Amino acid sequence: MKFYNDSIFDFNKECLLSSVYVEELKEKIYFIDDVFLHPHQIYEYWSSFPIKSHKVCIGETLNGKDFMDGRAKSELPLDNYNNLLEFNIHKLVKRIYGKENWDNLRDTRAANQFYLLKNCPENKVWWPHSDFDNENKSVINVITYLNPQIKNGPGTSLYISNPNYKQIGFEHINPWIDETNFKQILSIFGYFNRMVIFPGSITHGMTVSNIFKNFVRIVQVQFI
Ligand SMILES: [Fe+2]
């Protein structure tokens, strides 16, 4: 039996922030490598959760048939709030984006889990989308890759959609979209223990490859 407490989420105070300006997107993408102090423990922790769908199954969902897509939420109590990655990243994101008055820090230690039951179809990409809040404002996406199996492998793809592309349907009903609808601008490697920060208004999607038939993709997610 394993035992965990809140300190597994301590962040690495020595980690370094870097960024790259992407001309085509007119946005900077921020990276923090080696962001957690105990990433292997966090991976082990999230791996112990069952995969439960976080979306309501409407119609003919493929979730549970072609893939398993779920989200796990931590119930570990907040021990030292100031040491929490969420708290510190929230401050950083407010500073980066000049939003000092944002007050939307939630206790949302959550991880996305994704596992393929069937091979990815050819020439398709997984559900490119944008993320907005309830007031239709772009959120800031904070994603941390937590698979020790991945060094320079699939992470997140950033796209520009073709002007005539219209998103229809639902992620779990028709998740695979013809790649000709998008120009891939950046493929962010899912390097173990790397955090990436970017505006949710950028069209993006997880980069799926058949390696996710071998192990569950685990990424920690935060929306600010
Ligand atoms: Fe997203």
# chains A, B, ... in the order shown; residues from 1 in each chain; ligands from 1
call {"tool": "closest_atom_pairs", "arguments": {"of": "chain A", "to": "ligand 1", "cutoff": "7 Å", "atoms": "only C-alpha atoms and all ligand atoms", "output": "JSON lines"}}
result
{"residue": "A:His129", "atom": "CA", "partner": "ligand 1", "partner_atom_place_in_ligand_line": "1 (Fe)", "distance": 6.3}
{"residue": "A:Ser130", "atom": "CA", "partner": "ligand 1", "partner_atom_place_in_ligand_line": "1 (Fe)", "distance": 5.9}
{"residue": "A:Asp131", "atom": "CA", "partner": "ligand 1", "partner_atom_place_in_ligand_line": "1 (Fe)", "distance": 5.3}
{"residue": "A:Gly200", "atom": "CA", "partner": "ligand 1", "partner_atom_place_in_ligand_line": "1 (Fe)", "distance": 6.4}
{"residue": "A:His204", "atom": "CA", "partner": "ligand 1", "partner_atom_place_in_ligand_line": "1 (Fe)", "distance": 6.3}
{"residue": "A:Gly205", "atom": "CA", "partner": "ligand 1", "partner_atom_place_in_ligand_line": "1 (Fe)", "distance": 6.3}
call {"tool": "write_last_selection", "arguments": {"atoms": "N, CA and C atoms", "output": "mmCIF file, in the first residue's frame"}}
result
data_model
loop_
_atom_site.group_PDB
_atom_site.id
_atom_site.type_symbol
_atom_site.label_atom_id
_atom_site.label_comp_id
_atom_site.auth_asym_id
_atom_site.auth_seq_id
_atom_site.Cartn_x
_atom_site.Cartn_y
_atom_site.Cartn_z
ATOM 1 N N HIS A 129 -9.044 22.498 -30.616
ATOM 2 C CA HIS A 129 -10.086 23.326 -29.967
ATOM 3 C C HIS A 129 -9.426 24.518 -29.277
ATOM 4 N N SER A 130 -10.245 25.418 -28.776
ATOM 5 C CA SER A 130 -9.778 26.534 -27.951
ATOM 6 C C SER A 130 -10.475 26.421 -26.604
ATOM 7 N N ASP A 131 -9.900 27.050 -25.579
ATOM 8 C CA ASP A 131 -10.502 26.979 -24.239
ATOM 9 C C ASP A 131 -10.902 28.367 -23.763
ATOM 10 N N GLY A 200 -5.399 29.837 -23.997
ATOM 11 C CA GLY A 200 -6.320 28.816 -24.495
ATOM 12 C C GLY A 200 -7.006 29.208 -25.789
ATOM 13 N N HIS A 204 -5.573 24.266 -30.269
ATOM 14 C CA HIS A 204 -4.602 23.266 -29.798
ATOM 15 C C HIS A 204 -5.283 21.921 -29.583
ATOM 16 N N GLY A 205 -4.460 20.907 -29.471
ATOM 17 C CA GLY A 205 -4.987 19.572 -29.180
ATOM 18 C C GLY A 205 -3.842 18.690 -28.723
#
call {"tool": "residues_around", "arguments": {"residues": "Tyr21 (chain A)", "least_positions_apart": "5", "cutoff": "12 Å", "atoms": "only C-alpha atoms", "output": "PyMOL selection string"}}
result
chain A and resi 26-31+185-186+198
call {"tool": "write_last_selection", "arguments": {"atoms": "C-alpha atoms", "output": "PDB file, in the first residue's frame"}}
result
ATOM      1  CA  LYS A  26       1.772  36.404 -32.374  1.00  0.00           C
ATOM      2  CA  GLU A  27       2.119  34.835 -28.937  1.00  0.00           C
ATOM      3  CA  LYS A  28       4.824  33.762 -26.551  1.00  0.00           C
ATOM      4  CA  ILE A  29       4.764  30.184 -25.299  1.00  0.00           C
ATOM      5  CA  TYR A  30       6.324  29.669 -21.868  1.00  0.00           C
ATOM      6  CA  PHE A  31       8.160  26.565 -20.700  1.00  0.00           C
ATOM      7  CA  ILE A 185       2.458  25.723 -36.078  1.00  0.00           C
ATOM      8  CA  LEU A 186       4.233  24.133 -33.139  1.00  0.00           C
ATOM      9  CA  PHE A 198      -0.118  29.337 -23.404  1.00  0.00           C
TER      10      PHE A 198
END
call {"tool": "select_by_dssp", "arguments": {"residues": "region 16-101 of chain A", "states": "alpha helix (DSSP H)", "output": "PDB file with N, CA and C atoms, in the first residue's frame"}}
result
ATOM      1  N   PRO A  39       8.661  14.471  -9.408  1.00  0.00           N
ATOM      2  CA  PRO A  39       7.751  14.109 -10.508  1.00  0.00           C
ATOM      3  C   PRO A  39       7.427  12.625 -10.573  1.00  0.00           C
ATOM      4  N   HIS A  40       8.368  11.770 -10.184  1.00  0.00           N
ATOM      5  CA  HIS A  40       8.093  10.329 -10.257  1.00  0.00           C
ATOM      6  C   HIS A  40       6.993   9.938  -9.263  1.00  0.00           C
ATOM      7  N   GLN A  41       7.025  10.587  -8.092  1.00  0.00           N
ATOM      8  CA  GLN A  41       5.972  10.294  -7.108  1.00  0.00           C
ATOM      9  C   GLN A  41       4.617  10.768  -7.617  1.00  0.00           C
ATOM     10  N   ILE A  42       4.614  11.932  -8.281  1.00  0.00           N
ATOM     11  CA  ILE A  42       3.342  12.448  -8.810  1.00  0.00           C
ATOM     12  C   ILE A  42       2.813  11.521  -9.901  1.00  0.00           C
ATOM     13  N   TYR A  43       3.728  11.063 -10.763  1.00  0.00           N
ATOM     14  CA  TYR A  43       3.309  10.129 -11.822  1.00  0.00           C
ATOM     15  C   TYR A  43       2.700   8.867 -11.199  1.00  0.00           C
ATOM     16  N   GLU A  44       3.386   8.360 -10.191  1.00  0.00           N
ATOM     17  CA  GLU A  44       2.908   7.145  -9.518  1.00  0.00           C
ATOM     18  C   GLU A  44       1.523   7.402  -8.884  1.00  0.00           C
ATOM     19  N   TYR A  45       1.394   8.582  -8.285  1.00  0.00           N
ATOM     20  CA  TYR A  45       0.134   8.962  -7.633  1.00  0.00           C
ATOM     21  C   TYR A  45      -1.017   8.993  -8.641  1.00  0.00           C
ATOM     22  N   TRP A  46      -0.830   9.744  -9.739  1.00  0.00           N
ATOM     23  CA  TRP A  46      -1.919   9.848 -10.727  1.00  0.00           C
ATOM     24  C   TRP A  46      -2.170   8.513 -11.404  1.00  0.00           C
ATOM     25  N   SER A  47      -1.133   7.698 -11.536  1.00  0.00           N
ATOM     26  CA  SER A  47      -1.311   6.389 -12.188  1.00  0.00           C
ATOM     27  C   SER A  47      -2.170   5.456 -11.348  1.00  0.00           C
ATOM     28  N   LEU A  85       2.517  24.438  -6.225  1.00  0.00           N
ATOM     29  CA  LEU A  85       2.804  24.860  -7.582  1.00  0.00           C
ATOM     30  C   LEU A  85       1.686  25.744  -8.130  1.00  0.00           C
ATOM     31  N   GLU A  86       0.434  25.329  -7.905  1.00  0.00           N
ATOM     32  CA  GLU A  86      -0.690  26.103  -8.427  1.00  0.00           C
ATOM     33  C   GLU A  86      -0.623  27.558  -7.989  1.00  0.00           C
ATOM     34  N   PHE A  87      -0.347  27.751  -6.728  1.00  0.00           N
ATOM     35  CA  PHE A  87      -0.314  29.093  -6.165  1.00  0.00           C
ATOM     36  C   PHE A  87       0.785  29.929  -6.822  1.00  0.00           C
ATOM     37  N   ASN A  88       1.952  29.335  -6.946  1.00  0.00           N
ATOM     38  CA  ASN A  88       3.084  30.067  -7.512  1.00  0.00           C
ATOM     39  C   ASN A  88       2.924  30.300  -9.015  1.00  0.00           C
ATOM     40  N   ILE A  89       2.392  29.298  -9.693  1.00  0.00           N
ATOM     41  CA  ILE A  89       2.178  29.453 -11.131  1.00  0.00           C
ATOM     42  C   ILE A  89       1.088  30.494 -11.397  1.00  0.00           C
ATOM     43  N   HIS A  90       0.101  30.520 -10.531  1.00  0.00           N
ATOM     44  CA  HIS A  90      -0.965  31.504 -10.666  1.00  0.00           C
ATOM     45  C   HIS A  90      -0.385  32.918 -10.580  1.00  0.00           C
ATOM     46  N   LYS A  91       0.505  33.116  -9.606  1.00  0.00           N
ATOM     47  CA  LYS A  91       1.144  34.442  -9.467  1.00  0.00           C
ATOM     48  C   LYS A  91       1.955  34.759 -10.720  1.00  0.00           C
ATOM     49  N   LEU A  92       2.692  33.766 -11.194  1.00  0.00           N
ATOM     50  CA  LEU A  92       3.543  33.961 -12.368  1.00  0.00           C
ATOM     51  C   LEU A  92       2.699  34.306 -13.598  1.00  0.00           C
ATOM     52  N   VAL A  93       1.616  33.555 -13.789  1.00  0.00           N
ATOM     53  CA  VAL A  93       0.773  33.772 -14.967  1.00  0.00           C
ATOM     54  C   VAL A  93       0.134  35.160 -14.922  1.00  0.00           C
ATOM     55  N   LYS A  94      -0.283  35.580 -13.727  1.00  0.00           N
ATOM     56  CA  LYS A  94      -0.870  36.927 -13.604  1.00  0.00           C
ATOM     57  C   LYS A  94       0.165  37.989 -13.994  1.00  0.00           C
ATOM     58  N   ARG A  95       1.419  37.739 -13.580  1.00  0.00           N
ATOM     59  CA  ARG A  95       2.475  38.711 -13.884  1.00  0.00           C
ATOM     60  C   ARG A  95       2.777  38.709 -15.390  1.00  0.00           C
ATOM     61  N   ILE A  96       2.900  37.511 -15.960  1.00  0.00           N
ATOM     62  CA  ILE A  96       3.230  37.405 -17.386  1.00  0.00           C
ATOM     63  C   ILE A  96       2.178  38.115 -18.238  1.00  0.00           C
TER      64      ILE A  96
END
call {"tool": "residues_around", "arguments": {"residues": "Tyr115 (chain A)", "least_positions_apart": "2", "cutoff": "10 Å", "atoms": "only C-alpha atoms", "output": "list in words"}}
result
Ile51, Asn63, Gly64, Asp66, Phe67, Met68, Asp69, Gly70, Gln113, Leu117, Lys118, Val208, Asn210, Ile211, Phe212, Lys213, Asn214, Phe215, Val216, Arg217 and Ile218 of chain A
call {"tool": "closest_residue", "arguments": {"among": "A:Val20, A:Ile32, A:Met195, A:Val56", "to": "Gln220 (chain A)", "atoms": "only C-alpha atoms"}}
result
A:Met195
call {"tool": "residues_around", "arguments": {"residues": "region 164-180 of chain A", "least_positions_apart": "4", "cutoff": "6 Å", "atoms": "only C-alpha atoms", "output": "PyMOL selection string"}}
result
chain A and resi 61-63+123-127
call {"tool": "write_last_selection", "arguments": {"atoms": "C-alpha atoms", "output": "PDB file, in the first residue's frame"}}
result
ATOM      1  CA  THR A  61     -19.557   8.100 -27.488  1.00  0.00           C
ATOM      2  CA  LEU A  62     -16.321   6.362 -28.449  1.00  0.00           C
ATOM      3  CA  ASN A  63     -14.958   6.860 -24.952  1.00  0.00           C
ATOM      4  CA  ASN A 123      -4.025  11.686 -41.416  1.00  0.00           C
ATOM      5  CA  LYS A 124      -6.263  12.811 -38.585  1.00  0.00           C
ATOM      6  CA  VAL A 125      -5.577  14.871 -35.482  1.00  0.00           C
ATOM      7  CA  TRP A 126      -7.265  14.765 -32.106  1.00  0.00           C
ATOM      8  CA  TRP A 127      -9.978  17.402 -31.633  1.00  0.00           C
TER       9      TRP A 127
END
call {"tool": "closest_residue", "arguments": {"among": "A:Ala111, A:Met1, A:Val196, A:Cys57", "to": "Lys73 (chain A)", "atoms": "only C-alpha atoms"}}
result
A:Ala111
call {"tool": "closest_residue", "arguments": {"among": "A:Phe36, A:Tyr159, A:Phe114, A:Tyr145", "to": "Lys52 (chain A)", "atoms": "only C-alpha atoms"}}
result
A:Phe114
call {"tool": "select_by_dssp", "arguments": {"residues": "region 12-189 of chain A", "states": "strand (DSSP E)", "output": "ChimeraX atom specification"}}
result
/A:16-22,27-33,67-73,110-116,124-126,140-145,156-161,176-178,182-188
call {"tool": "write_last_selection", "arguments": {"atoms": "C-alpha atoms", "output": "tab-separated table (two decimals), in the first residue's frame"}}
result
chain	number	residue	atom	x	y	z
A	16	LEU	CA	13.86	27.96	-14.92
A	17	LEU	CA	11.32	29.78	-17.03
A	18	SER	CA	12.00	30.10	-20.74
A	19	SER	CA	9.87	31.27	-23.61
A	20	VAL	CA	9.64	31.26	-27.36
A	21	TYR	CA	7.86	33.86	-29.44
A	22	VAL	CA	5.87	32.27	-32.26
A	27	GLU	CA	2.12	34.83	-28.94
A	28	LYS	CA	4.82	33.76	-26.55
A	29	ILE	CA	4.76	30.18	-25.30
A	30	TYR	CA	6.32	29.67	-21.87
A	31	PHE	CA	8.16	26.56	-20.70
A	32	ILE	CA	9.32	25.48	-17.28
A	33	ASP	CA	11.46	22.34	-17.30
A	67	PHE	CA	-9.96	5.10	-26.21
A	68	MET	CA	-10.30	5.91	-22.55
A	69	ASP	CA	-10.30	9.62	-21.79
A	70	GLY	CA	-10.67	10.64	-18.17
A	71	ARG	CA	-9.74	13.16	-15.54
A	72	ALA	CA	-8.61	12.50	-11.99
A	73	LYS	CA	-8.89	15.03	-9.18
A	110	ALA	CA	-6.26	17.50	-11.72
A	111	ALA	CA	-4.72	15.19	-14.27
A	112	ASN	CA	-5.95	14.14	-17.68
A	113	GLN	CA	-5.61	10.44	-18.40
A	114	PHE	CA	-5.70	9.11	-21.94
A	115	TYR	CA	-5.25	5.57	-23.21
A	116	LEU	CA	-5.75	4.21	-26.72
A	124	LYS	CA	-6.26	12.81	-38.58
A	125	VAL	CA	-5.58	14.87	-35.48
A	126	TRP	CA	-7.27	14.76	-32.11
A	140	ILE	CA	-4.55	30.44	-19.79
A	141	ASN	CA	-3.66	26.78	-20.19
A	142	VAL	CA	-1.05	25.32	-17.88
A	143	ILE	CA	-0.10	21.76	-18.79
A	144	THR	CA	2.56	19.59	-17.18
A	145	TYR	CA	3.73	16.40	-18.87
A	156	THR	CA	0.58	19.27	-27.48
A	157	SER	CA	0.10	20.62	-31.00
A	158	LEU	CA	-0.67	24.26	-31.71
A	159	TYR	CA	-2.49	25.02	-34.93
A	160	ILE	CA	-4.01	27.68	-37.10
A	161	SER	CA	-7.37	26.52	-38.45
A	176	TRP	CA	-10.51	12.64	-35.05
A	177	ILE	CA	-10.48	15.58	-37.45
A	178	ASP	CA	-8.95	15.62	-40.92
A	182	PHE	CA	-5.20	22.85	-39.87
A	183	LYS	CA	-1.70	24.13	-40.22
A	184	GLN	CA	0.42	22.82	-37.38
A	185	ILE	CA	2.46	25.72	-36.08
A	186	LEU	CA	4.23	24.13	-33.14
A	187	SER	CA	4.57	20.64	-31.75
A	188	ILE	CA	5.43	20.88	-28.07
call {"tool": "residues_around", "arguments": {"residues": "Asn152 (chain A)", "least_positions_apart": "5", "cutoff": "7 Å", "atoms": "only C-alpha atoms", "output": "short mmCIF file (atom, residue, chain, number, x, y, z; two decimals) with C-alpha atoms, in the first residue's frame"}}
result
data_model
loop_
_atom_site.label_atom_id
_atom_site.label_comp_id
_atom_site.auth_asym_id
_atom_site.auth_seq_id
_atom_site.Cartn_x
_atom_site.Cartn_y
_atom_site.Cartn_z
CA PHE A 189 7.31 17.82 -26.89
CA GLY A 190 5.81 16.15 -23.87
CA TYR A 191 9.10 16.08 -22.03
#
call {"tool": "closest_residue", "arguments": {"among": "A:Leu25, A:His54, A:Glu14, A:Asn136", "to": "Thr203 (chain A)", "atoms": "only C-alpha atoms"}}
result
A:Leu25
call {"tool": "atom_distance", "arguments": {"atom1": "CA of Ser209 (chain A)", "atom2": "CA of Ile150 (chain A)"}}
result
11.7 Å
call {"tool": "atom_distance", "arguments": {"atom1": "CA of Glu75 (chain A)", "atom2": "CA of Arg109 (chain A)"}}
result
8.3 Å
call {"tool": "closest_residue", "arguments": {"among": "A:Asn147, A:Pro128, A:Asn181, A:Tyr97", "to": "Val219 (chain A)", "atoms": "only C-alpha atoms"}}
result
A:Asn147
